[in-house]
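Chemist: Can you keep this structure in mind? I'll have questions shortly.
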Amino acid sequence: IRSQVLQTTFAGGNPTQLDAIFDSNKGTLLRSLESDVINTSQAFRNSVTFKKAEDEGITSFLYDGPEDDKNREFCAEHVGKIFTLSEIEVLENDQGGPALTDLGGYNCRHEWRPVK
């Protein structure tokens with residue numbers, strides 16, 4: 001999609017072709033947007049969780065969520081275990097992102113749960 005849009009935009013294509021490009025890729029665009037919304041809301045929820053925990057003096061967190069065959073390697077390795085905030089801050093998931101906000105990565109079904 002990106003290459004089609006760039007080619008149309010910068011290679012002298014007809015701008016009205018963009019409508020056709022977007023229409024023919026509507027399903028892909030909607031799925032991508034939906035995933036981005038899920039991931040952004042997950043990162044926000046995690047930020048709120050860590051802030052509330054900080055306010056309560058909590059520094060340990062459970063990596064919580066499903067344990068099944070859909071789990072990524074990172075999630076399978078960490079689910080059900082407890083980590084300190086300092087340990088979480090240096091964790092990087094298999095996609096190169098910070099586990100602090102992104103957990104196992106794109107569309108991860110897990111969450112950090114504060115542990116008293």
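Residues in the structure tokens are named by chain (A, B, ... in the order shown) and by number from 1 within that chain; ligands are numbered from 1 in the order shown.
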Excluding Gly97 (chain A) and residues on its chain fewer than 5 positions from it, collect all residues at most 12 Å away from it, counting only C-alpha atoms, and give them as a ChimeraX atom specification.

Modeler: /A:39,43,74,88-92,102-106,108

Chemist: Give me the residues near Gln17 (chain A) as number ranges by chain, where near means some atom within 10 Å (using only C-alpha atoms) and where sequence neighbours in that chain fewer than 4 positions away do not count.

Modeler: A: 4-5, 8-9, 13, 21-23

Chemist: Record the distance separating CA of Asn93 (chain A) and CA of Arg31 (chain A), expressed in Å with one decimal.

Modeler: 22.5 Å

Chemist: How many Å lie between CA of Phe61 (chain A) and CA of Val115 (chain A), rounded to one decimal?

Modeler: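 Separation of CA of Phe61 (chain A) and CA of Val115 (chain A): 5.2 Å.
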
Chemist: Once DSSP has gone over the backbone, tell me which residues of chain A are in strand (DSSP E or B), as number ranges by chain.

Modeler: A: 60-64, 82-84, 92, 98, 111-115

Chemist: For a quick check of understanding, using only C-alpha atoms, which of A:Asn107, A:Gly12, A:Leu62, A:Val79 has the smallest distance to Thr40 (chain A)?

Modeler: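 Ranking A:Asn107, A:Gly12, A:Leu62, A:Val79 by distance to Thr40 (chain A), first place goes to A:Asn107.
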
Chemist: Distance CA of Asn71 (chain A)-CA of Gln42 (chain A), one decimal place?

Modeler: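 Separation of CA of Asn71 (chain A) and CA of Gln42 (chain A): 16.7 Å.
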
Chemist: Which residues are close to Arg113 (chain A), i.e. within 12 Å by only C-alpha atoms, leaving aside same-chain residues fewer than 3 positions away? Reply as a VMD selection string.

Modeler: chain A and resid 45 to 50 52 to 53 58 to 65 79 to 85 100 103 110 116
